[in-house]
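**Student:** The structure's right below; bear with me while I get my questions together.
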Amino acid sequence: MASNAALFEERVAEALKLCQNRREPPLVWAAEVLKCLDTAGLGLGLPSVELGQVLVSHLCFAYNSSCMWKFLDHALSSRLLSPLHVLSLLTSRVIPHRWSQPEAYRLYLELLSRYAFSFDLLESDASTERIIKSIDATLQLSQTYQVNVQELGHTMVLFFFSIVVGLLDSTLDDWGLLVTFPDKASGVARSGDYLNTDIELKGNKNFKQSEHRDQMRRTNSFLAMEVLGTITDNRKAKVLLRLVHLNMPENFDSILRRIQFLEAHKPASPVLKSANQLLVRFSANIRGVMDFEYQLNKRQLIGMLIHIGSNKPVSGCNSEAALSASWVSFDIYMENVMDVKQLPVKSAIVILSALRLERDPLEGPIPHLESRLCVLLSIVPLAIAPLLEDEVDSCNSSSQGGREFGGVGIGYRHEMDRKHHALRKHGLISSLQVLGHFSALLCPPSSVVDAVNLAAYKAVGFISNAKNSKDGLSGGSHVNAFAKSGGNMRHLIVEACIARNLIDTSAYFWPGYVSASVISMPDSSQIQGSPWSTFMEGAPLTGSLVDALIAIPASSLAEIEKLYHVALNGSEEEKSAAAKILCGASLRRGWNIQGYSRHKAQNLLGALIRKVHLREHVVHFMVKLLSPPIPPNFTGTRSHLVDYLPMLSAILFGAASIDTVHILSLHGVVPEVAAALMPLCEVFGSLTPTSNHKSTMGEELSIYMVFSSAFLFLLRLWKFYKPPLEQCISRRGGAIGSELTLEYLLLLHNNKIASTSEKPVYIDFYPKLRAWYCQNRSCIASTMSGLCNGNPVHQVANKILNMIYRKMTKTGASSGSASTASSSTVTGEEAYQRPVIPAWEVLEAVPLVLEAILTACAHGILSSRDLTTGLRDLVDFLPASLVAIISYFCAEITRGIWKLAPMNGKDWPSPAANFRSVESEIKEILASVGVDAPRCSLGDSTAMLPLPMAALVSLTITFKLDKSLEYIHAVAGTSLENCASCCPWPSMPVIGSLWAQKVRRWHDFIVASCSRSVFRQDKKAVSQLLRSCFASFLGLSDASKSPFASQIGVVGLLGDINWAQQGTRTSMAPGFLYLRSCRTIHDVQYVNHVIVGLVSEFAQKMASRWTSKDFPRLKSGESSLSLATTKVRDVAGLGASLLFVTGGLQLVQELYQETLPTWLLSSREDKHGRVNSVSHITDGYAMAYLLVLSGSFVWGLGAKSSLRPFPVRARIIGAHFDFLAGVMEGNVSVGCDTDTWKAYVCCLVGLLVSLAPEWVQDVTAETLRKLAKGLRGWRECELALSLLERGGPATLGSAAELVNVIN
């Protein structure tokens, strides 16, 4: 083989020498060389690798003549040789000898500028493979870049990048800038043969020739920079370098380092100054790579759609409505967060349009003002902080990088980051300044008037002190300043931002920030002194001080830490008091600004106002107190938790309010709280009460009470009362109840502590809790069986039955009504004696007790009144038994095996007194949102409820509406509504009427709740409500039916901020009603199809409306299209938001894998009149936008912002793109309009590469290639290239091979 190669080389050399002697033209040279190739059997493998190697070896430098270079040029232009191959060979040989062979270097640069982008694909796979291997070996690409180079496109990228870096480094050396960079960015040997040059100069007597060559060497370095500027200015070069920038960023950064090195040394280097223009051009070209955008075909409508920016202002649009519409996703999320029935298990820290939540909610058992202000003044600043912290990180990284290479680092990238983050901070400041113009939004609720006045006074005092310091004065008229400082919600918001260092105190000097309106002085008790100062000075926690500390928030971390230590180490009274204080105003109103300094002040005039944002510290310590440590000297077999009984009781009851639990959920600590509650339940549920005293739901302290408060608290964090059908729905795609299990909460907790020293928590660690957990699931799933007479559980059930029968007159008959026919009768004193049994044993036996008394009532053995009394006695005995009661009754209601109970006022309470009023108001609310109300009129007949439902509602009516019993009401109220909505209509209006009679001030809330129940199983009602949401948002509602029809955007959808104060007995905003109903909809897959259909319908309507002849000014052009796409994006954004809040990940997965593919495959008849092609195209655009936005709500738009594990996203997105690729290949036929299909694919790809490029890497390389091939078939070549370049290293080669389509 070697001999054949040598023979071929000899023949070629002879032919070339002969042609040179004859002075033949290049065409003859080529003919002679081809004869040599044919003779050697290589004539079919053009371009020839062997010929290229022979020619370059002769040129370098044995036969370095102009004739040879001319022939080489001809061979390259005629494709006898591969330009890519020859240039790589020349690069490796000429650049290292550029000083000894300046003529060859000059000719090499000319060839490089001419053939740098001659990347035509080769017909012969064999030639391609040989060329790739030769280039890889010559330039050491695989070794340098640590990759396996096998594709021609991949070779092209690395070749071009190596050429750029190699020429740049060589030029630096030629200019005497002998710097060694730590990166090995190129396989090109750059060092010149300076030693050989010196020998040549000493031995050469032809000084003119020597001077000429020396001049050529100097000019060659400038020519090299000129060539670099020329080739990097080419769009193909930008594509190749962009592929490196996106897929090999560490290598691309090496060029940025070199550019900064040149810029840093330019002032001190004469040669760099003389090359300034060349350097500026090259630098601009390289930086332009980072900002490079593909020029999509804007002559086509789809190209214009992709080009139009999502936030581009559009003239001719109602600006207020347009801005409102752009925030709809935030408003919907915010309203959904405030739904206490859906406690977020993750933190609600996102940027929210939160001011609208300041409105007071309807009177009822729902979160009130404190949790809403928590969002506004605590959660929103927490959300903004990470965004602005990126700016600090960027600056720090830049300053650290600046110490490299003579004070130069990768500054350009950080410079761009600094500009970007500076815009964020400027945007925050501008927003806070503009907020002052919206006085209607800023009027403070009465409960925070003092707080806003103090915040305003703080600004006045700061300005006054600054002015006095400047004028050299001391003191000042602070009282007068206070009297004239006006406070509103903006002052609290600004203080919250200052407390987190989001902005500084220069905000006090904003024009108009300090109002001139006169306000009242704050409470004199606040001015005179702080109870927290008294506490920190060592005062004992007595009654009056405890009450004051509960009512006033702490203002420093030191105060909270001391309180925490008292709760752990104080006396029993101090532990209990400290826990109560911690759960008081410091937790609920931790955003408040205290009007005191920690330093003593003689009076208000000398006081320094201090702001501290402490809520998250309070939340942290509160959660820690639920898991108190083992005392140092603890001994004994029982749990150490028993010694903390007073403290645990106080903190469990203190944190049990609906507002407090909601605040904890907003801070994302639900998993931590659940993990902390489990050992409490396990321990206290296993203890036998030490005394036989009667437990109540009041302040009495007992083992049962602590267990019940912990157990009910734990069960509020997951929906234990859900019926079996709802928990099992759509298991294939992830159950709706995937977030409703203890296992899921523990999984979240364990994931959060994975990087810490804490040990994971599993439910198996708590056998008693796990046993009940499994029993509860079994009870829900099927009727009880398998327990025989004499079983320990049965014996406990008999004891409980004997206890609750003590108030019943027919004790003899009732004693035999247990689940088995015979049971011993307890008489005398024992009948009234409460059993002393561990709580877990009681809970295990409760289902048997319930089956017994419910069966007795159904057969007339037990009266309804006695049944209710017995249930109430059971809850009084062990409040935690309410959980078992609810689980059992809910399960029995769904089974439908019990007879109906007449709600006639004799056997059971009657709703007749106000049923017609409730029914009428429900109809009016539903009619106002375009929903046909179900017929629920009873006429003269008696209302009927399933027996378990009648028993449950009768039990709940007996509970007193006491603040201390919120931990009971929070469980009973939500579960009652859930159970009632499972019953046939009109069960919910009946139950609502009963409760409205009990609590008249809750009437509006109850009616609204009854209205929501319509949508649980009525698909038609759900569809009508969703249609009203879209119509009201777009301003297409019927003004005769809805009071919100005159509004548009978010106000039309959710109502304005004064909605609650205006009265809601006959109307409700459709979006607000849907958000309060969507979590109870049974068939959420149906919602998916409805939303997709409505997005399609309204997108077509909007497109037709904005491009119709009614708007002649907008009939054509980008302005018209901008208006249309703006409305289409609004429609898709609303659809994505409603879809996500309805079903979260499950519905998004259904959308990707089933709903949208089905929509694309199905043929649809036009039901809305003639639809033009623009409407079809915007239809596809709307679906693409819907898909991307829905996914962004689940995974975010960046890799680090993903809320779910990457494999889930990759599986879902990958499956959808596999479907698209199958259609593009012709394996599947779509039924939608061709324009719709094309618009959908193109817009989806365009949105992904511009908004969510990380998602593209979730798709397999083969699928991306198939899609790119289809896009090329549609002449969307640059869109195909933008897709492939985001596919990672696997598609880098395929992307580079498309470089020739760039014009």
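Convention: chains lettered A, B, ... in structure tokens order; per-chain residue numbering from 1; ligands numbered from 1 as shown.
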Using only C-alpha atoms, which protein or nucleic acid residues come within 10 Å of segment 1017-1026 of chain A? Drop anything in the same chain fewer than 2 positions from it, and give the result as a ChimeraX atom specification.

**Tutor:** /A:926-927,929-934,981-982,984,1013-1015,1028-1032,1070-1071,1073-1074,1077-1078,1080-1084,1086-1087,1089-1091,1094,1135,1138

**Student:** With C-alpha atoms retained, write the just-selected residues as a CSV table (one decimal), in the first residue's frame.

**Tutor:**
chain,number,residue,atom,x,y,z
A,926,LEU,CA,-75.1,31.6,36.6
A,927,ALA,CA,-77.2,33.6,34.2
A,929,VAL,CA,-72.0,34.4,33.3
A,930,GLY,CA,-74.0,32.8,30.5
A,931,VAL,CA,-74.6,29.4,32.1
A,932,ASP,CA,-77.9,27.7,32.1
A,933,ALA,CA,-78.8,26.8,35.7
A,934,PRO,CA,-80.0,23.3,36.4
A,981,SER,CA,-71.1,18.4,45.2
A,982,CYS,CA,-71.0,14.6,44.8
A,984,PRO,CA,-77.4,14.9,42.8
A,1013,SER,CA,-71.0,23.2,42.6
A,1014,VAL,CA,-72.9,23.2,39.3
A,1015,PHE,CA,-69.7,22.7,37.4
A,1028,SER,CA,-68.0,33.4,28.9
A,1029,CYS,CA,-64.5,33.7,30.2
A,1030,PHE,CA,-63.1,34.2,26.7
A,1031,ALA,CA,-65.9,36.5,25.6
A,1032,SER,CA,-65.6,38.7,28.7
A,1070,PRO,CA,-66.9,34.6,35.0
A,1071,GLY,CA,-63.2,34.1,35.4
A,1073,LEU,CA,-66.2,31.9,39.3
A,1074,TYR,CA,-64.2,29.5,37.1
A,1077,SER,CA,-64.7,26.0,40.5
A,1078,CYS,CA,-62.1,24.5,38.3
A,1080,THR,CA,-63.7,20.4,41.5
A,1081,ILE,CA,-64.4,19.6,37.9
A,1082,HIS,CA,-64.6,15.9,37.5
A,1083,ASP,CA,-63.6,15.3,33.8
A,1084,VAL,CA,-60.7,17.7,33.3
A,1086,TYR,CA,-63.0,17.5,28.7
A,1087,VAL,CA,-61.8,21.0,29.8
A,1089,HIS,CA,-60.8,19.9,24.5
A,1090,VAL,CA,-63.1,22.8,25.3
A,1091,ILE,CA,-60.2,25.3,25.8
A,1094,LEU,CA,-62.4,28.0,22.2
A,1135,GLY,CA,-56.4,29.5,27.3
A,1138,LEU,CA,-57.1,28.5,32.5

**Student:** What lies within 6 Å of segment 235-240 of chain A using only C-alpha atoms, ignoring chain neighbours under 6 positions off, as a list in words?

**Tutor:**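 Contacts, in chain order: Val157, Val289 and Val1299 of chain A.
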
**Student:** Using DSSP secondary structure from the backbone, list all strand (DSSP E or B) positions within segment 868-1112 of chain A, as a PyMOL selection string.

**Tutor:** chain A and resi 900-902+944-946

**Student:** Could you please take those selected residues and save N, CA and C atoms as an mmCIF file, in the first residue's frame?

**Tutor:**
data_model
loop_
_atom_site.group_PDB
_atom_site.id
_atom_site.type_symbol
_atom_site.label_atom_id
_atom_site.label_comp_id
_atom_site.auth_asym_id
_atom_site.auth_seq_id
_atom_site.Cartn_x
_atom_site.Cartn_y
_atom_site.Cartn_z
ATOM 1 N N LEU A 900 -82.736 8.028 50.900
ATOM 2 C CA LEU A 900 -82.795 9.472 51.028
ATOM 3 C C LEU A 900 -83.490 9.865 52.324
ATOM 4 N N ALA A 901 -82.969 10.913 52.930
ATOM 5 C CA ALA A 901 -83.550 11.400 54.187
ATOM 6 C C ALA A 901 -84.370 12.653 53.900
ATOM 7 N N PRO A 902 -85.606 12.728 54.421
ATOM 8 C CA PRO A 902 -86.450 13.916 54.187
ATOM 9 C C PRO A 902 -86.020 15.080 55.067
ATOM 10 N N MET A 944 -84.720 16.319 49.759
ATOM 11 C CA MET A 944 -84.179 15.026 50.172
ATOM 12 C C MET A 944 -82.655 15.030 50.007
ATOM 13 N N LEU A 945 -81.998 14.368 50.942
ATOM 14 C CA LEU A 945 -80.548 14.187 50.869
ATOM 15 C C LEU A 945 -80.212 12.739 51.186
ATOM 16 N N PRO A 946 -79.155 12.193 50.605
ATOM 17 C CA PRO A 946 -78.708 10.858 51.027
ATOM 18 C C PRO A 946 -78.453 10.846 52.526
#

**Student:** Suppose you want the space between atom CA of Phe1098 of chain A and atom CA of Ser329 of chain A; what is it in Å?

**Tutor:**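 A separation of 17.7 Å between them.
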
**Student:** So which one's closest to Ala268 of chain A, A:Leu742, A:Ser371, A:Leu177, A:Lys752? Using only C-alpha atoms, please.

**Tutor:**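 Answer, going by the shortest atom-to-atom distance: A:Leu177.
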